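Participant: My structure is in my_file.cif, and what it holds is mmCIF, C-alpha atoms:
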```
data_data
loop_
_atom_site.label_atom_id
_atom_site.label_comp_id
_atom_site.auth_asym_id
_atom_site.auth_seq_id
_atom_site.Cartn_x
_atom_site.Cartn_y
_atom_site.Cartn_z
CA MET A 21 -129.74 63.37 -162.29
CA ALA A 22 -127.53 63.50 -165.37
CA TRP A 23 -129.07 60.36 -166.82
CA ALA A 24 -132.69 61.09 -165.95
CA TRP A 25 -133.48 61.51 -169.64
CA LEU A 26 -132.58 57.90 -170.23
CA ALA A 27 -134.86 56.68 -167.48
CA THR A 28 -137.61 58.84 -168.95
CA ALA A 29 -137.02 57.46 -172.41
CA LEU A 30 -137.02 53.88 -171.21
CA ALA A 31 -140.19 54.35 -169.23
CA LYS A 32 -141.81 55.66 -172.42
CA ILE A 33 -140.79 52.81 -174.65
CA GLY A 34 -141.47 49.95 -172.27
CA LYS A 35 -140.25 46.67 -173.64
CA PHE A 36 -138.57 48.09 -176.72
CA LEU A 37 -134.90 48.98 -176.88
CA ILE A 38 -133.35 52.30 -177.70
CA ARG A 39 -130.24 52.93 -179.75
CA PRO A 40 -128.59 56.23 -178.83
CA LYS A 41 -127.86 58.07 -182.07
CA ASP A 42 -124.54 59.51 -181.01
CA GLN A 43 -122.94 56.63 -179.19
CA LYS A 44 -119.47 58.15 -179.07
CA ALA A 45 -120.69 61.23 -177.26
CA LEU A 46 -121.75 59.06 -174.37
CA LYS A 47 -118.22 58.06 -173.49
CA ASP A 48 -116.69 59.71 -170.49
CA GLU A 49 -113.18 59.84 -169.08
CA SER A 50 -113.59 57.20 -166.43
CA SER A 51 -115.51 54.42 -168.08
CA ARG A 52 -116.90 53.13 -171.31
CA GLN A 53 -120.41 53.76 -172.44
CA THR A 54 -121.68 50.41 -171.19
CA ASN A 55 -120.73 51.35 -167.67
CA VAL A 56 -122.22 54.77 -168.07
CA PHE A 57 -125.57 53.25 -168.89
CA SER A 58 -125.30 50.84 -166.02
CA LYS A 59 -125.48 53.82 -163.71
CA VAL A 60 -129.14 54.18 -164.58
CA GLU A 61 -131.14 51.91 -162.39
CA ASN A 62 -133.01 49.02 -163.98
CA THR A 63 -131.44 49.30 -167.39
CA TYR A 64 -129.72 46.56 -169.30
CA ILE A 65 -127.59 46.83 -172.38
CA ILE A 66 -127.41 44.74 -175.51
CA GLN A 67 -124.26 44.91 -177.55
CA ASN A 68 -124.19 43.70 -181.10
CA PRO A 69 -120.64 42.41 -181.58
CA ARG A 70 -121.02 42.53 -185.37
CA THR A 71 -121.73 46.25 -185.54
CA ASN A 72 -120.43 47.26 -182.11
CA GLU A 73 -123.66 49.13 -181.60
CA PHE A 74 -125.36 48.95 -178.28
CA TYR A 75 -128.95 49.28 -177.27
CA VAL A 76 -130.45 50.08 -173.93
CA GLY A 77 -133.54 48.47 -172.47
CA ASN A 78 -135.80 48.58 -169.47
CA TYR A 79 -134.85 45.61 -167.29
CA PRO A 80 -138.21 44.95 -165.62
CA VAL A 81 -139.84 44.52 -169.01
CA ILE A 82 -137.42 42.28 -170.87
CA PRO A 83 -139.87 40.41 -173.11
CA LYS A 84 -140.83 37.07 -171.63
CA GLU A 85 -140.12 35.31 -174.92
CA ILE A 86 -136.52 36.57 -174.82
CA LEU A 87 -135.98 35.18 -171.35
CA GLU A 88 -137.51 31.90 -172.48
CA ALA A 89 -135.22 31.86 -175.51
CA ILE A 90 -132.20 32.43 -173.26
CA ALA A 91 -133.32 29.67 -170.89
CA LYS A 92 -133.72 27.33 -173.87
CA GLN A 93 -130.30 28.23 -175.18
CA PHE A 94 -128.71 27.23 -171.89
CA ASP A 95 -130.50 23.91 -171.87
CA PRO A 96 -128.55 21.61 -174.22
CA GLN A 97 -131.52 19.24 -174.57
CA LYS A 98 -133.89 21.93 -175.82
CA HIS A 99 -131.50 24.10 -177.76
CA GLU A 100 -131.26 23.86 -181.50
CA ALA A 101 -128.31 25.67 -182.99
CA GLY A 102 -129.02 28.54 -185.29
CA GLU A 103 -132.63 29.14 -184.38
CA GLN A 104 -131.87 32.37 -182.53
CA PRO A 105 -128.90 34.57 -181.72
CA GLU A 106 -126.46 33.23 -179.19
CA PHE A 107 -126.81 35.27 -176.03
CA ARG A 108 -123.79 35.81 -173.82
CA LEU A 109 -124.80 37.13 -170.42
CA VAL A 110 -122.01 39.32 -169.14
CA ARG A 111 -121.67 41.41 -165.99
CA ASN A 112 -121.12 45.09 -166.74
CA ASP A 113 -117.77 45.24 -164.91
CA PHE A 114 -116.39 42.40 -167.07
CA HIS A 115 -117.71 43.27 -170.50
CA ASP A 116 -115.04 45.83 -171.34
CA ASP A 117 -112.38 43.23 -170.48
CA ILE A 118 -113.73 40.66 -172.92
CA ASP A 119 -114.35 43.33 -175.55
CA ASP A 120 -110.74 44.46 -175.30
CA PHE A 121 -109.42 40.90 -175.41
CA GLN A 122 -111.51 40.03 -178.46
CA ALA A 123 -110.33 43.18 -180.20
CA HIS A 124 -106.76 41.99 -179.57
CA LEU A 125 -107.56 38.56 -181.01
CA GLU A 126 -108.72 40.17 -184.24
CA LYS A 127 -105.19 41.41 -184.90
CA ASP A 128 -103.29 38.99 -187.05
CA ASP A 129 -100.65 36.96 -185.24
CA GLU A 130 -99.08 34.74 -187.88
CA LEU A 131 -97.61 32.17 -185.52
CA LEU A 132 -100.80 31.70 -183.52
CA ARG A 133 -102.90 31.58 -186.68
CA ARG A 134 -100.74 28.77 -188.04
CA ILE A 135 -100.48 26.63 -184.92
CA ALA A 136 -103.95 27.19 -183.37
CA PRO A 137 -105.73 24.53 -185.48
CA TYR A 138 -103.36 21.86 -184.18
CA ILE A 139 -102.52 22.61 -180.57
CA ALA A 140 -104.55 21.78 -177.46
CA PRO A 141 -107.12 24.45 -176.48
CA GLN A 142 -105.34 25.25 -173.22
CA TYR A 143 -102.07 25.94 -175.07
CA GLU A 144 -103.87 28.08 -177.62
CA SER A 145 -105.55 29.97 -174.82
CA ILE A 146 -102.31 30.52 -172.87
CA PHE A 147 -100.45 31.75 -175.98
CA ARG A 148 -103.30 34.12 -176.84
CA LEU A 149 -103.25 35.49 -173.30
CA ALA A 150 -99.49 35.84 -173.36
CA SER A 151 -99.70 37.71 -176.63
CA TYR A 152 -102.37 39.92 -175.06
CA ALA A 153 -100.21 40.57 -171.97
CA LYS A 154 -97.28 41.37 -174.25
CA SER A 155 -99.36 43.95 -176.10
CA ARG A 156 -100.27 45.57 -172.77
CA TYR A 157 -96.59 45.74 -171.77
CA GLU A 158 -95.76 47.27 -175.14
CA GLN A 159 -98.38 49.94 -174.45
CA ASP A 160 -96.70 50.65 -171.10
CA GLU A 161 -99.71 49.17 -169.28
CA ARG A 162 -97.55 47.12 -166.98
CA GLU A 163 -100.19 46.73 -164.29
CA ARG A 164 -102.66 45.27 -166.78
CA GLY A 165 -99.98 42.98 -168.23
CA ASP A 166 -99.18 41.68 -164.75
CA GLU A 167 -102.88 41.23 -164.03
CA ILE A 168 -103.35 39.11 -167.17
CA ARG A 169 -100.39 36.91 -166.18
CA ASN A 170 -101.86 36.49 -162.70
CA GLN A 171 -105.17 35.46 -164.20
CA VAL A 172 -103.35 32.90 -166.35
CA GLY A 173 -101.92 31.52 -163.10
CA LEU A 174 -105.39 31.31 -161.54
CA GLN A 175 -106.83 29.46 -164.53
CA TYR A 176 -103.90 27.19 -165.44
CA GLY A 177 -101.70 27.00 -162.37
CA ARG A 178 -97.91 27.37 -162.21
CA ALA A 179 -97.25 25.41 -165.39
CA GLY A 180 -99.60 27.67 -167.33
CA ARG A 181 -98.01 30.76 -165.94
CA LYS A 182 -94.58 29.42 -166.83
CA LEU A 183 -95.65 28.77 -170.39
CA CYS A 184 -97.04 32.30 -170.57
CA ASN A 185 -93.70 33.67 -169.36
CA LEU A 186 -91.81 31.53 -171.87
CA TYR A 187 -93.97 33.00 -174.63
CA LEU A 188 -93.31 36.53 -173.38
CA LYS A 189 -89.56 35.93 -173.37
CA GLY A 190 -89.54 34.61 -176.93
CA TYR A 191 -88.90 30.93 -176.21
CA VAL A 192 -92.12 29.80 -177.88
CA SER A 193 -91.63 31.74 -181.10
CA ASP A 194 -87.97 30.65 -181.27
CA MET A 195 -88.96 27.04 -180.88
CA PHE A 196 -91.65 27.18 -183.56
CA GLN A 197 -89.43 29.20 -185.86
CA HIS A 198 -87.05 26.28 -185.77
CA TYR A 199 -89.44 23.32 -185.83
CA LEU A 200 -92.76 24.34 -187.37
CA GLU A 201 -91.80 24.33 -191.04
CA PRO A 202 -90.03 20.96 -190.96
CA ILE A 203 -93.02 19.37 -189.20
CA LEU A 204 -95.58 20.87 -191.57
CA ALA A 205 -93.44 19.89 -194.54
CA SER A 206 -92.90 16.30 -193.46
CA VAL A 207 -96.18 15.31 -191.82
CA ARG A 208 -99.43 15.10 -193.78
CA GLU A 209 -101.91 13.80 -191.21
CA ARG A 210 -103.55 16.60 -189.28
CA SER A 211 -103.77 14.50 -186.12
CA GLU A 212 -100.08 13.63 -186.38
CA ILE A 213 -99.20 17.33 -186.70
CA SER A 214 -101.22 17.94 -183.53
CA VAL A 215 -99.36 15.20 -181.70
CA ARG A 216 -95.99 16.61 -182.78
CA LEU A 217 -96.77 20.24 -181.93
CA ASN A 218 -98.31 19.43 -178.55
CA GLU A 219 -95.32 17.25 -177.71
CA LEU A 220 -93.04 20.09 -178.73
CA ILE A 221 -94.79 22.41 -176.28
CA ARG A 222 -94.55 19.82 -173.51
CA SER A 223 -90.86 19.38 -174.23
CA LEU A 224 -90.39 23.14 -173.94
CA VAL A 225 -92.03 23.04 -170.52
CA ARG A 226 -89.72 20.21 -169.46
CA PHE A 227 -86.71 21.99 -170.90
CA SER A 228 -87.58 25.13 -168.97
CA GLU A 229 -87.35 23.50 -165.56
CA HIS A 230 -84.30 25.65 -164.89
CA VAL A 231 -85.54 28.81 -166.60
CA TYR A 232 -86.44 31.07 -163.69
CA PHE A 233 -88.70 34.09 -163.95
CA ILE A 234 -87.90 36.19 -160.92
CA HIS A 235 -90.96 37.73 -159.29
CA PRO A 236 -91.68 39.49 -156.00
CA GLY A 237 -92.31 36.12 -154.31
CA SER A 238 -88.98 34.60 -155.47
CA ARG A 239 -86.53 33.97 -152.64
CA VAL A 240 -82.87 34.63 -153.39
CA GLY A 241 -81.60 31.69 -151.30
CA VAL A 242 -84.08 29.21 -152.77
CA VAL A 243 -83.40 30.13 -156.42
CA ALA A 244 -79.64 30.29 -155.88
CA ALA A 245 -79.68 26.81 -154.27
CA ALA A 246 -81.73 25.44 -157.17
CA VAL A 247 -79.26 26.93 -159.69
CA LYS A 248 -76.31 25.41 -157.85
CA ILE A 249 -77.97 21.98 -157.77
CA ALA A 250 -78.68 22.26 -161.51
CA VAL A 251 -75.05 23.16 -162.17
CA GLU A 252 -73.82 20.23 -160.10
CA ARG A 253 -76.14 17.93 -162.05
CA GLY A 254 -74.77 19.24 -165.33
CA VAL A 255 -78.00 20.81 -166.63
CA PRO A 256 -76.92 22.34 -169.94
CA TYR A 257 -79.05 25.51 -169.89
CA ILE A 258 -80.09 27.66 -166.94
CA ALA A 259 -81.58 31.13 -167.24
CA LEU A 260 -82.80 33.87 -164.95
CA HIS A 261 -85.19 36.50 -166.33
CA SER A 262 -86.36 39.54 -164.46
CA ALA A 263 -88.10 42.84 -165.04
CA GLY A 264 -88.46 45.82 -162.74
CA VAL A 265 -85.98 47.35 -160.31
CA ARG A 266 -86.69 45.03 -157.38
CA ASN A 267 -86.65 41.82 -159.40
CA VAL A 268 -83.50 42.86 -161.23
CA GLY A 269 -81.83 43.62 -157.91
CA LYS A 270 -82.88 40.20 -156.63
CA THR A 271 -81.39 38.55 -159.74
CA TYR A 272 -78.02 40.23 -159.16
CA LYS A 273 -78.10 38.87 -155.63
CA ILE A 274 -78.89 35.34 -156.89
CA VAL A 275 -75.86 35.47 -159.22
CA GLU A 276 -73.75 36.73 -156.32
CA VAL A 277 -74.90 33.90 -154.04
CA VAL A 278 -74.28 31.28 -156.74
CA GLY A 279 -70.81 32.75 -157.27
CA LEU A 280 -68.87 33.18 -160.51
CA ASP A 281 -66.02 31.04 -159.16
CA PHE A 282 -68.48 28.20 -158.50
CA LEU A 283 -69.66 28.39 -162.12
CA GLU A 284 -66.10 28.56 -163.41
CA LYS A 285 -65.08 25.58 -161.28
CA ASN A 286 -67.93 23.54 -162.74
CA ASP A 287 -67.08 24.56 -166.29
CA TYR A 288 -70.07 26.85 -166.85
CA ALA A 289 -70.16 30.07 -168.83
CA ILE A 290 -72.32 32.99 -167.74
CA ARG A 291 -73.68 35.72 -169.95
CA GLN A 292 -75.47 38.63 -168.37
CA GLN A 293 -77.65 40.96 -170.36
CA PRO A 294 -78.88 43.99 -168.43
CA THR A 295 -81.24 46.41 -170.17
CA THR A 296 -81.41 49.54 -168.13
CA THR A 297 -82.26 52.12 -170.75
CA ALA A 298 -85.88 50.93 -171.10
CA PRO A 299 -88.54 52.52 -168.85
CA ILE A 300 -88.64 49.19 -167.02
CA PRO A 301 -85.20 47.59 -166.52
CA PHE A 302 -84.79 44.01 -167.68
CA PHE A 303 -82.08 41.59 -166.74
CA ASP A 304 -81.42 38.22 -168.38
CA VAL A 305 -78.77 35.80 -167.20
CA PHE A 306 -77.81 32.71 -169.21
CA ILE A 307 -75.72 30.02 -167.55
CA THR A 308 -74.57 27.33 -169.94
CA LYS A 309 -72.34 24.28 -169.72
CA ARG A 310 -69.12 24.63 -171.65
CA LEU A 311 -68.68 21.97 -174.30
CA PRO A 312 -65.38 20.14 -174.64
CA ASP A 313 -64.60 21.87 -177.92
CA PRO A 314 -64.12 25.58 -177.20
CA ALA A 315 -65.43 26.40 -180.67
CA GLN A 316 -68.79 24.97 -179.72
CA GLN A 317 -69.10 26.61 -176.36
CA ALA A 318 -72.19 27.85 -174.66
CA ASP A 319 -73.59 29.56 -177.75
CA ASN A 320 -74.80 26.20 -178.96
CA TYR A 321 -77.50 26.24 -176.33
CA PRO A 322 -80.88 27.78 -176.97
CA ARG A 323 -81.89 31.10 -175.61
CA PRO A 324 -84.38 33.76 -176.63
CA GLY A 325 -83.54 35.07 -180.04
CA SER A 326 -81.11 32.29 -180.85
CA GLY A 327 -83.49 29.99 -182.71
CA ASP A 328 -81.45 27.04 -181.51
CA PRO A 329 -82.91 23.58 -180.87
CA ILE A 330 -84.47 22.96 -177.50
CA GLN A 331 -83.57 19.33 -177.01
CA MET B 16 -126.82 64.85 -171.31
CA THR B 17 -129.94 66.60 -170.28
CA PRO B 18 -133.62 65.65 -170.49
CA GLU B 19 -133.98 67.61 -173.75
CA ASN B 20 -131.82 64.93 -175.41
CA VAL B 21 -134.63 62.48 -174.91
CA GLU B 22 -135.31 62.33 -178.64
CA GLU B 23 -131.68 61.44 -179.46
CA TYR B 24 -132.33 57.77 -179.94
CA ASP B 25 -133.84 55.28 -182.32
CA GLN B 26 -136.41 52.81 -181.17
CA ILE B 27 -135.44 49.22 -181.92
CA LYS B 28 -137.69 46.18 -181.91
CA TRP B 29 -136.40 42.89 -180.55
CA GLU B 30 -137.50 41.18 -183.76
CA ASP B 31 -134.91 43.23 -185.66
CA LEU B 32 -132.12 42.09 -183.37
CA LEU B 33 -133.06 38.44 -183.33
CA LYS B 34 -131.66 38.02 -186.84
CA GLU B 35 -128.17 38.54 -185.46
CA LYS B 36 -125.82 35.64 -184.86
CA ARG B 37 -124.69 36.70 -181.42
CA LEU B 38 -125.70 39.29 -178.85
CA ASP B 39 -124.18 40.29 -175.54
CA LEU B 40 -126.65 41.02 -172.79
CA ILE B 41 -124.84 43.26 -170.33
CA LEU B 42 -126.24 43.21 -166.82
CA THR B 43 -125.51 44.35 -163.32
CA ARG B 44 -124.44 41.77 -160.73
CA ASP B 45 -127.94 41.56 -159.24
CA GLN B 46 -129.58 41.20 -162.65
CA LEU B 47 -127.20 38.41 -163.62
CA VAL B 48 -127.87 36.53 -160.37
CA ALA B 49 -131.61 36.93 -161.00
CA ILE B 50 -131.26 35.47 -164.50
CA ILE B 51 -129.18 32.56 -163.20
CA ARG B 52 -132.10 31.79 -160.92
CA GLN B 53 -134.53 32.19 -163.83
CA LEU B 54 -132.45 29.65 -165.73
CA GLY B 55 -133.47 27.15 -163.06
CA HIS B 56 -130.43 27.15 -160.80
CA LYS B 57 -130.82 27.16 -157.05
CA ILE B 58 -128.30 28.86 -154.81
CA ASP B 59 -127.31 27.21 -151.53
CA ASP B 60 -126.97 28.83 -148.11
CA GLU B 61 -123.35 29.73 -148.75
CA GLY B 62 -124.21 31.40 -152.04
CA TYR B 63 -122.92 28.69 -154.41
CA VAL B 64 -124.75 27.97 -157.66
CA LEU B 65 -126.26 24.47 -157.79
CA ASP B 66 -126.67 22.27 -160.83
CA ARG B 67 -130.24 22.15 -162.14
CA GLU B 68 -130.29 18.39 -162.50
CA THR B 69 -128.05 17.03 -159.76
CA GLY B 70 -128.33 19.77 -157.13
CA GLU B 71 -124.54 19.66 -156.72
CA ARG B 72 -122.42 22.78 -156.79
CA VAL B 73 -121.68 23.90 -160.33
CA LEU B 74 -118.03 24.07 -161.33
CA SER B 75 -116.69 27.12 -163.08
CA ILE B 76 -114.45 26.71 -166.14
CA ASP B 77 -111.44 27.10 -163.80
CA GLY B 78 -112.54 23.93 -162.02
CA GLY B 79 -113.67 25.56 -158.77
CA GLU B 80 -117.14 25.84 -157.26
CA ILE B 81 -118.60 29.23 -157.95
CA LYS B 82 -120.77 31.59 -155.91
CA ALA B 83 -123.60 33.36 -157.71
CA ASP B 84 -122.14 36.73 -156.76
CA ASP B 85 -118.83 35.76 -158.42
CA VAL B 86 -120.35 34.86 -161.78
CA ALA B 87 -119.09 37.45 -164.27
CA ALA B 88 -120.49 35.73 -167.36
CA ALA B 89 -122.85 32.93 -168.28
CA LEU B 90 -121.88 31.67 -171.69
CA PRO B 91 -123.75 29.42 -174.09
CA GLY B 92 -122.61 25.99 -175.09
CA SER B 93 -122.95 23.74 -172.12
CA GLU B 94 -123.81 26.69 -169.89
CA VAL B 95 -120.43 27.88 -168.79
CA LEU B 96 -120.23 30.09 -165.71
CA ILE B 97 -117.04 32.04 -165.34
CA ARG B 98 -115.45 34.34 -162.83
CA LYS B 99 -114.07 37.78 -163.66
CA ASN B 100 -110.95 36.31 -165.20
CA ILE B 101 -109.99 36.90 -168.81
CA ALA B 102 -108.08 33.59 -168.83
CA SER B 103 -111.33 31.72 -168.15
CA PHE B 104 -112.97 33.54 -171.03
CA SER B 105 -110.00 32.74 -173.24
CA GLN B 106 -110.25 29.04 -172.34
CA TYR B 107 -113.94 29.13 -173.26
CA LEU B 108 -113.16 30.62 -176.67
CA ALA B 109 -110.39 28.11 -177.36
CA GLU B 110 -112.56 25.14 -176.35
CA ARG B 111 -115.23 26.28 -178.76
CA GLY B 112 -112.77 26.91 -181.56
CA LEU B 113 -113.56 30.63 -181.56
#
```
Written as structure tokens, how would this file's structure read?

Facilitator:
Amino acid sequence: MAWAWLATALAKIGKFLIRPKDQKALKDESSRQTNVFSKVENTYIIQNPRTNEFYVGNYPVIPKEILEAIAKQFDPQKHEAGEQPEFRLVRNDFHDDIDDFQAHLEKDDELLRRIAPYIAPQYESIFRLASYAKSRYEQDERERGDEIRNQVGLQYGRAGRKLCNLYLKGYVSDMFQHYLEPILASVRERSEISVRLNELIRSLVRFSEHVYFIHPGSRVGVVAAAVKIAVERGVPYIALHSAGVRNVGKTYKIVEVVGLDFLEKNDYAIRQQPTTTAPIPFFDVFITKRLPDPAQQADNYPRPGSGDPIQ
Amino acid sequence: MTPENVEEYDQIKWEDLLKEKRLDLILTRDQLVAIIRQLGHKIDDEGYVLDRETGERVLSIDGGEIKADDVAAALPGSEVLIRKNIASFSQYLAERGL
């Protein structure tokens, strides 16, 4: 038993905790130290988020007064803030996830820092998660990035997932780059700033009705039909975004089914932006209504990186 | 690690830790379910956590009923139970202004 020493130590100290002196040495290849300790039966771990230190205790002898304190904390009628530490009870297979996420939140994100005090909690949460997913993609952890986006979908539904995707594609930062300063400069009331920024986010969601993020579940025929209907209705901005070989291939097929001649006939311009040199291929397609004046053609419509107005 | 490393630790008293602002208690699934019961919740025949006052199934922060075995964290405030979903945890933080 590799961890028999720990069981021995815990049996010796009873209800006290131990703090391993060399915490780093306890890490192994497959899991973090918290999981390593969880392998020892009947242990529990305390982590101090302030110092990042952890302590190990003997589960059967958690002091009764601690359990009572925890019970009191979870009872809003009995709890008085500040009288004891706040205990978060976390399962050992989830703790590393929240630790990692909180470490990400500590990095400064200027846009989120500026808008967070004003926007609705669910928007703040979705943008934070999108920023977290983006960081995973940038670290080539595509599976983890996809998993975070899926979890956004489970918590917030399709609209939440869409907003997360819009953030990842740069629509959110473009929008705020254009509108945030004028709003902050012209509105003094905090509540009014909140109203304006939340409305701005909602308008982005409405605007993005015909911004399609192609995923494994997307059906070529369904998306192509939706694009054609949008074109016939004169929707000014339509976009298709995809990542990964299969999704990119699907996007090419959608464009093929829609047909360049159909777009031309309806006075639409198409700009295709394949990125195949990256480890994961990306493909963005922008379909925009031509304006009467050729000088003001499709480039007047917003797209990632353009910083153009959204309405 | 071998048994001779048994002295490689410091002994900590709870009293020293209780001065901290926040602590994470990291538990196995069974331990967490046991503590949920100790907090006064009952669990119905299908494994769902019941509200202490009303006896109705508790809703997780994602809006769905939650089984005791699916609880990945119990968080202070108004006793928030969440599944293993980082988006639920993120919503909790945002709601509390953290």

Participant: Kindly resolve the PyMOL selection byres ((chain B) within 9 of (chain A)) on the present coordinates and return the residues as a ChimeraX atom specification.

Facilitator: /B:16-29,32-44,46-47,50,53-55,76-78,86-95,99-112

Participant: Rounded to one decimal place, report the CA of Tyr288 in chain A-CA of Val251 in chain A distance in Å.

Facilitator: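 About the pair CA of Tyr288 in chain A and CA of Val251 in chain A: they are 7.8 Å apart.
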
Participant: Could you list, as a ChimeraX atom specification, every residue matched by the PyMOL selection byres ((chain B and resi 83) around 7) in this structure?

Facilitator: /B:48,62-64,81-82,84-86

Participant: Tell me, as a ChimeraX atom specification, which residues lie within 7 Å of range 211-220 of chain A, counting only C-alpha atoms; anything in the same chain fewer than 2 positions away does not count.

Facilitator: /A:138-140,203,207,209,222-224

Participant: What is the CA of Leu204 in chain A to CA of Arg181 in chain A distance in Å?

Facilitator: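 CA of Arg181 in chain A lies 27.6 Å from CA of Leu204 in chain A.
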
Participant: Evaluating the PyMOL selection byres ((chain B and resi 67) around 8) on the displayed file yields which residues, as a ChimeraX atom specification?

Facilitator: /B:55-57,65-66,68-70

Participant: Quote the spacing between CA of Ile300 in chain A and CA of Lys270 in chain A in Å to one decimal place.

Facilitator: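 These two atoms are separated by 14.9 Å.
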
Participant: Give, as JSON, the centre coordinates and the x, y and z edge lengths in Å to one decimal for an axis-aligned box around all listed atoms of range 83-91 of chain B, padded by 3 Å on each side.

Facilitator:
```
{"center_x": -121.3, "center_y": 33.4, "center_z": -165.4, "size_x": 10.9, "size_y": 14.0, "size_z": 23.3}
```

Participant: Enumerate, as an mmCIF file with C-alpha atoms, keeping the file's coordinate frame, the protein, DNA and RNA residues whose atoms approach (-64.8, 23.8, -168.0) to within 9 Å, taking into account all atoms listed in the file and the coordinate frame of the file.

Facilitator:
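And here's result.cif as it stands now:
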```cif
data_model
loop_
_atom_site.group_PDB
_atom_site.id
_atom_site.type_symbol
_atom_site.label_atom_id
_atom_site.label_comp_id
_atom_site.auth_asym_id
_atom_site.auth_seq_id
_atom_site.Cartn_x
_atom_site.Cartn_y
_atom_site.Cartn_z
ATOM 1 C CA LEU A 283 -69.660 28.390 -162.120
ATOM 2 C CA GLU A 284 -66.100 28.560 -163.410
ATOM 3 C CA LYS A 285 -65.080 25.580 -161.280
ATOM 4 C CA ASN A 286 -67.930 23.540 -162.740
ATOM 5 C CA ASP A 287 -67.080 24.560 -166.290
ATOM 6 C CA TYR A 288 -70.070 26.850 -166.850
ATOM 7 C CA ALA A 289 -70.160 30.070 -168.830
ATOM 8 C CA LYS A 309 -72.340 24.280 -169.720
ATOM 9 C CA ARG A 310 -69.120 24.630 -171.650
ATOM 10 C CA LEU A 311 -68.680 21.970 -174.300
ATOM 11 C CA PRO A 312 -65.380 20.140 -174.640
#
```

Participant: Can you patch up range 79-94 of chain B, filling it in to N, CA and C atoms, and show the result as a PDB file, keeping the file's coordinate frame?

Facilitator:
```pdb
ATOM      1  N   GLY B  79    -113.234  25.335-160.152  1.00  0.00           N
ATOM      2  CA  GLY B  79    -113.670  25.560-158.770  1.00  0.00           C
ATOM      3  C   GLY B  79    -115.174  25.793-158.673  1.00  0.00           C
ATOM      4  N   GLU B  80    -115.723  25.517-157.487  1.00  0.00           N
ATOM      5  CA  GLU B  80    -117.140  25.840-157.260  1.00  0.00           C
ATOM      6  C   GLU B  80    -117.292  27.350-157.326  1.00  0.00           C
ATOM      7  N   ILE B  81    -118.471  27.792-157.731  1.00  0.00           N
ATOM      8  CA  ILE B  81    -118.600  29.230-157.950  1.00  0.00           C
ATOM      9  C   ILE B  81    -119.837  29.794-157.252  1.00  0.00           C
ATOM     10  N   LYS B  82    -119.639  30.922-156.574  1.00  0.00           N
ATOM     11  CA  LYS B  82    -120.770  31.590-155.910  1.00  0.00           C
ATOM     12  C   LYS B  82    -121.500  32.444-156.942  1.00  0.00           C
ATOM     13  N   ALA B  83    -122.795  32.589-156.750  1.00  0.00           N
ATOM     14  CA  ALA B  83    -123.600  33.360-157.710  1.00  0.00           C
ATOM     15  C   ALA B  83    -123.062  34.785-157.850  1.00  0.00           C
ATOM     16  N   ASP B  84    -122.640  35.357-156.724  1.00  0.00           N
ATOM     17  CA  ASP B  84    -122.140  36.730-156.760  1.00  0.00           C
ATOM     18  C   ASP B  84    -120.820  36.862-157.526  1.00  0.00           C
ATOM     19  N   ASP B  85    -120.119  35.726-157.710  1.00  0.00           N
ATOM     20  CA  ASP B  85    -118.830  35.760-158.420  1.00  0.00           C
ATOM     21  C   ASP B  85    -118.975  35.496-159.914  1.00  0.00           C
ATOM     22  N   VAL B  86    -120.172  35.146-160.350  1.00  0.00           N
ATOM     23  CA  VAL B  86    -120.350  34.860-161.780  1.00  0.00           C
ATOM     24  C   VAL B  86    -120.227  36.175-162.556  1.00  0.00           C
ATOM     25  N   ALA B  87    -119.257  36.231-163.462  1.00  0.00           N
ATOM     26  CA  ALA B  87    -119.090  37.450-164.270  1.00  0.00           C
ATOM     27  C   ALA B  87    -119.638  37.249-165.668  1.00  0.00           C
ATOM     28  N   ALA B  88    -119.860  35.986-166.051  1.00  0.00           N
ATOM     29  CA  ALA B  88    -120.490  35.730-167.360  1.00  0.00           C
ATOM     30  C   ALA B  88    -121.083  34.335-167.366  1.00  0.00           C
ATOM     31  N   ALA B  89    -122.228  34.230-168.015  1.00  0.00           N
ATOM     32  CA  ALA B  89    -122.850  32.930-168.280  1.00  0.00           C
ATOM     33  C   ALA B  89    -122.842  32.788-169.794  1.00  0.00           C
ATOM     34  N   LEU B  90    -122.140  31.762-170.254  1.00  0.00           N
ATOM     35  CA  LEU B  90    -121.880  31.670-171.690  1.00  0.00           C
ATOM     36  C   LEU B  90    -122.526  30.426-172.281  1.00  0.00           C
ATOM     37  N   PRO B  91    -123.044  30.549-173.486  1.00  0.00           N
ATOM     38  CA  PRO B  91    -123.750  29.420-174.090  1.00  0.00           C
ATOM     39  C   PRO B  91    -122.801  28.298-174.481  1.00  0.00           C
ATOM     40  N   GLY B  92    -123.362  27.199-174.806  1.00  0.00           N
ATOM     41  CA  GLY B  92    -122.610  25.990-175.090  1.00  0.00           C
ATOM     42  C   GLY B  92    -123.177  24.987-174.108  1.00  0.00           C
ATOM     43  N   SER B  93    -122.353  24.571-173.162  1.00  0.00           N
ATOM     44  CA  SER B  93    -122.950  23.740-172.120  1.00  0.00           C
ATOM     45  C   SER B  93    -123.069  24.585-170.845  1.00  0.00           C
ATOM     46  N   GLU B  94    -123.565  25.755-170.995  1.00  0.00           N
ATOM     47  CA  GLU B  94    -123.810  26.690-169.890  1.00  0.00           C
ATOM     48  C   GLU B  94    -122.562  26.850-169.021  1.00  0.00           C
TER      49      GLU B  94
END
```
